[in-house]
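Novice: Structure in structure tokens, see below.
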Amino acid sequence: KEATAGNTGRNPEKKSAQQEKKQEKTQPAKKSTLTPMQQKMKEKLSGARFRWLNEQLYTTKGNESFTLFKEKPELFDEYHEGFRHQVESWPENPVDIIVNQLSKLPAGTVVADLGCGDAKIAHSLTKQKVLSFDMVAKNDKVVACDIAKLPLPDGFVDVAVFSLALMGTNYLDFLKEAKRILKAGGELKIAEVVSRFTDVEGFIEVLEQLGFEFISKVWL
């Protein structure tokens with residue numbers, strides 16, 4: 001599900017290139033030494049690990065997950081490897097839809113991608129200014145932080161995005177923080193699996209109580 005809400009403003013982030021090319025051509029691709037059965041077992045173990053990490057993210061507070069990944073950043077890598085594998089089986093990736101929508105906004109539009117992963121939105125958009133935030137900085141475009149405590153001033157961004165990122169038992173704190181950093185008239189975009197909310201209409205009501213005006217929703 002992808003939903004869009006607007007902020008009403010009410011109160012209720014030395015080798016030459018030629019040498020490198022030559023080396024790429026001469027070096028054979030690495031082959032897996034695992035047998036088909038071993039590879040299948042590895043995939044099953046990775047899938048089980050991903051499901052466990054996913055459950056941890058949804059059943060603990062965001063600051064606790066932030067501390068966990070700060071102490072063991074390799075777990076963040078494991079989670080996103082499993083996530084990428086899962087997304088490959090989907091007919092559409094929500095982040096691609098959001099990128100397409102954001103690409104049509106005016107140059108200079110400030111976007112906050114909250115729970116950005118590897119910052120695909122920031123890497124995809126060139127005209128807009130994208131600020132990417134997550135619990136671990138996977139690259140130089142990402143700022144590591146607790147999403148409930150963003151290092152941004154009030155009313156700073158035009159659009160805030162949660163793409164499959166409303167995790168944690170305190171996800172309402174994330175929404176309140178998005179409300180804080182949005183300019184009056186700004187937009188909040190949320191993409192989530194339907195199973196995340198037992199009552200979608202009830203969730204929309206919560207957004208309205210936080211001061212957002214519901215605009216539209218799309219089922220994928």
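By order of appearance in the structure tokens: chains A, B, ..., then residues from 1 within every chain, and ligands from 1 in the order shown.
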Please, which residues in region 87-177 of chain A fall within 6 Å of region 57-61 of chain A when counting only C-alpha atoms, and what is the closest atom pair and distance in Å to one decimal for each, ordered by chain then residue number, as a Markdown table?
Specialist:
| residue | atom | partner | partner_atom | distance |
| --- | --- | --- | --- | --- |
| A:Met167 | CA | A:Tyr58 | CA | 4.9 |
| A:Gly168 | CA | A:Tyr58 | CA | 4.5 |
| A:Thr169 | CA | A:Lys61 | CA | 5.1 |
| A:Asn170 | CA | A:Lys61 | CA | 5.6 |
Novice: If you count only C-alpha atoms, which residues fall within 9 Å of region 163-165 of chain A, apart from same-chain ones fewer than 2 positions away, as a ChimeraX atom specification?
Specialist: /A:2,94-95,98,113-117,161,167-168,189-193
Novice: Export, as a PDB file, in the first residue's frame, the selected residues with N, CA, C and O atoms.
Specialist:
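Writing the result to selection02.pdb gives the following:
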ATOM      1  N   GLU A   2       0.546   2.206  -0.807  1.00  0.00           N
ATOM      2  CA  GLU A   2       1.272   3.480  -0.818  1.00  0.00           C
ATOM      3  C   GLU A   2       0.272   4.579  -0.543  1.00  0.00           C
ATOM      4  O   GLU A   2      -0.756   4.689  -1.198  1.00  0.00           O
ATOM      5  N   PRO A  94       7.966  -0.804  -4.150  1.00  0.00           N
ATOM      6  CA  PRO A  94       7.370   0.496  -3.818  1.00  0.00           C
ATOM      7  C   PRO A  94       8.327   1.669  -3.947  1.00  0.00           C
ATOM      8  O   PRO A  94       7.914   2.764  -4.331  1.00  0.00           O
ATOM      9  N   VAL A  95       9.585   1.456  -3.633  1.00  0.00           N
ATOM     10  CA  VAL A  95      10.533   2.572  -3.700  1.00  0.00           C
ATOM     11  C   VAL A  95      10.692   3.083  -5.127  1.00  0.00           C
ATOM     12  O   VAL A  95      10.907   4.282  -5.359  1.00  0.00           O
ATOM     13  N   ILE A  98       7.841   5.440  -5.742  1.00  0.00           N
ATOM     14  CA  ILE A  98       8.073   6.703  -5.044  1.00  0.00           C
ATOM     15  C   ILE A  98       9.124   7.540  -5.763  1.00  0.00           C
ATOM     16  O   ILE A  98       8.979   8.759  -5.901  1.00  0.00           O
ATOM     17  N   ASP A 113      14.239  10.906   3.351  1.00  0.00           N
ATOM     18  CA  ASP A 113      13.984   9.472   3.191  1.00  0.00           C
ATOM     19  C   ASP A 113      14.284   8.812   4.532  1.00  0.00           C
ATOM     20  O   ASP A 113      15.445   8.657   4.920  1.00  0.00           O
ATOM     21  N   LEU A 114      13.231   8.428   5.240  1.00  0.00           N
ATOM     22  CA  LEU A 114      13.355   7.945   6.609  1.00  0.00           C
ATOM     23  C   LEU A 114      13.313   6.419   6.652  1.00  0.00           C
ATOM     24  O   LEU A 114      12.311   5.808   6.306  1.00  0.00           O
ATOM     25  N   GLY A 115      14.428   5.814   7.068  1.00  0.00           N
ATOM     26  CA  GLY A 115      14.576   4.370   6.982  1.00  0.00           C
ATOM     27  C   GLY A 115      14.973   4.007   5.567  1.00  0.00           C
ATOM     28  O   GLY A 115      14.359   3.172   4.920  1.00  0.00           O
ATOM     29  N   CYS A 116      16.028   4.661   5.079  1.00  0.00           N
ATOM     30  CA  CYS A 116      16.369   4.660   3.646  1.00  0.00           C
ATOM     31  C   CYS A 116      17.114   3.433   3.156  1.00  0.00           C
ATOM     32  O   CYS A 116      17.260   3.238   1.948  1.00  0.00           O
ATOM     33  N   GLY A 117      17.641   2.590   4.069  1.00  0.00           N
ATOM     34  CA  GLY A 117      18.428   1.446   3.618  1.00  0.00           C
ATOM     35  C   GLY A 117      19.712   1.913   2.957  1.00  0.00           C
ATOM     36  O   GLY A 117      20.530   2.607   3.564  1.00  0.00           O
ATOM     37  N   VAL A 161       9.406  10.578   3.525  1.00  0.00           N
ATOM     38  CA  VAL A 161       9.081   9.267   2.958  1.00  0.00           C
ATOM     39  C   VAL A 161       9.382   8.146   3.946  1.00  0.00           C
ATOM     40  O   VAL A 161      10.464   8.113   4.549  1.00  0.00           O
ATOM     41  N   MET A 167       8.798   0.610  11.162  1.00  0.00           N
ATOM     42  CA  MET A 167       9.050  -0.513  12.063  1.00  0.00           C
ATOM     43  C   MET A 167       9.167   0.014  13.484  1.00  0.00           C
ATOM     44  O   MET A 167       9.308   1.208  13.713  1.00  0.00           O
ATOM     45  N   GLY A 168       9.116  -0.887  14.440  1.00  0.00           N
ATOM     46  CA  GLY A 168       9.249  -0.490  15.826  1.00  0.00           C
ATOM     47  C   GLY A 168       7.897  -0.301  16.478  1.00  0.00           C
ATOM     48  O   GLY A 168       6.940   0.154  15.846  1.00  0.00           O
ATOM     49  N   LYS A 189       4.743  10.569   2.503  1.00  0.00           N
ATOM     50  CA  LYS A 189       4.470   9.403   1.667  1.00  0.00           C
ATOM     51  C   LYS A 189       4.828   8.143   2.451  1.00  0.00           C
ATOM     52  O   LYS A 189       5.936   8.034   2.978  1.00  0.00           O
ATOM     53  N   ILE A 190       3.893   7.206   2.499  1.00  0.00           N
ATOM     54  CA  ILE A 190       4.099   5.961   3.236  1.00  0.00           C
ATOM     55  C   ILE A 190       3.807   4.770   2.324  1.00  0.00           C
ATOM     56  O   ILE A 190       2.742   4.708   1.707  1.00  0.00           O
ATOM     57  N   ALA A 191       4.736   3.843   2.244  1.00  0.00           N
ATOM     58  CA  ALA A 191       4.507   2.588   1.530  1.00  0.00           C
ATOM     59  C   ALA A 191       4.728   1.455   2.531  1.00  0.00           C
ATOM     60  O   ALA A 191       5.791   1.379   3.163  1.00  0.00           O
ATOM     61  N   GLU A 192       3.719   0.621   2.720  1.00  0.00           N
ATOM     62  CA  GLU A 192       3.828  -0.481   3.680  1.00  0.00           C
ATOM     63  C   GLU A 192       3.075  -1.696   3.171  1.00  0.00           C
ATOM     64  O   GLU A 192       2.151  -1.572   2.365  1.00  0.00           O
ATOM     65  N   VAL A 193       3.481  -2.868   3.657  1.00  0.00           N
ATOM     66  CA  VAL A 193       2.724  -4.083   3.359  1.00  0.00           C
ATOM     67  C   VAL A 193       1.393  -4.002   4.108  1.00  0.00           C
ATOM     68  O   VAL A 193       1.314  -3.445   5.212  1.00  0.00           O
TER      69      VAL A 193
END
Novice: Name all residues at most 8 Å from Arg180 (chain A) (count only C-alpha atoms; drop same-chain ones fewer than 2 positions away) and give them as number ranges by chain.
Specialist: A: 154-155, 176-178, 182
Novice: Take the residues from that selection and put them in a file with C-alpha atoms, as a compact mmCIF listing (two decimals), in the first residue's frame.
Specialist:
# COMPACT_ATOMS: atom_id res chain seq x y z
CA ASP A 154 11.39 22.12 12.47
CA GLY A 155 9.69 22.72 9.12
CA LYS A 176 5.33 12.71 14.89
CA GLU A 177 8.95 13.40 13.99
CA ALA A 178 8.05 13.47 10.30
CA LEU A 182 7.78 18.91 7.40
Novice: Taking only C-alpha atoms into account, name the residue in A:Ser195, A:Arg51, A:Val200, A:Phe69 that is nearest to Asp134 (chain A).
Specialist: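 Comparing A:Ser195, A:Arg51, A:Val200, A:Phe69 against Asp134 (chain A), the winner is A:Phe69.
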Novice: Hey, what does DSSP flag as helix (DSSP H, G or I) within region 92-128 of chain A? Can you give it to me as a PyMOL selection string?
Specialist: chain A and resi 94-102+120-124
Novice: Measuring atom to atom with only C-alpha atoms, identify which of A:Pro153, A:Glu71, A:Ala160, A:Leu105 is nearest to Ser132 (chain A).
Specialist: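 Selected residue with least distance to Ser132 (chain A): A:Ala160.
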Novice: So the first atom is CA of Gln86 (chain A) and the second is CA of Asp118 (chain A); what is the distance between them in Å, to one decimal place?
Specialist: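 We find that CA of Gln86 (chain A) and CA of Asp118 (chain A) lie 15.6 Å from each other.
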Novice: Figure out the distance between CA of Phe156 (chain A) and CA of Thr126 (chain A), please, to one decimal in Å.
Specialist: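 Result for CA of Thr126 (chain A) versus CA of Phe156 (chain A): 19.2 Å, one decimal.
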Novice: Looking at A:Leu175, A:Ile121, A:Ile147, A:Val130, which one is nearest to Ala107 (chain A), with distances taken over only C-alpha atoms?
Specialist: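 Checking each of A:Leu175, A:Ile121, A:Ile147, A:Val130 against Ala107 (chain A), counting only C-alpha atoms, the winner is A:Val130.
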Novice: Quick one: pull the distance between CA of Leu166 (chain A) and CA of Trp90 (chain A), Å, one decimal.
Specialist: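 Pair CA of Leu166 (chain A) / CA of Trp90 (chain A) returns 19.1 Å.
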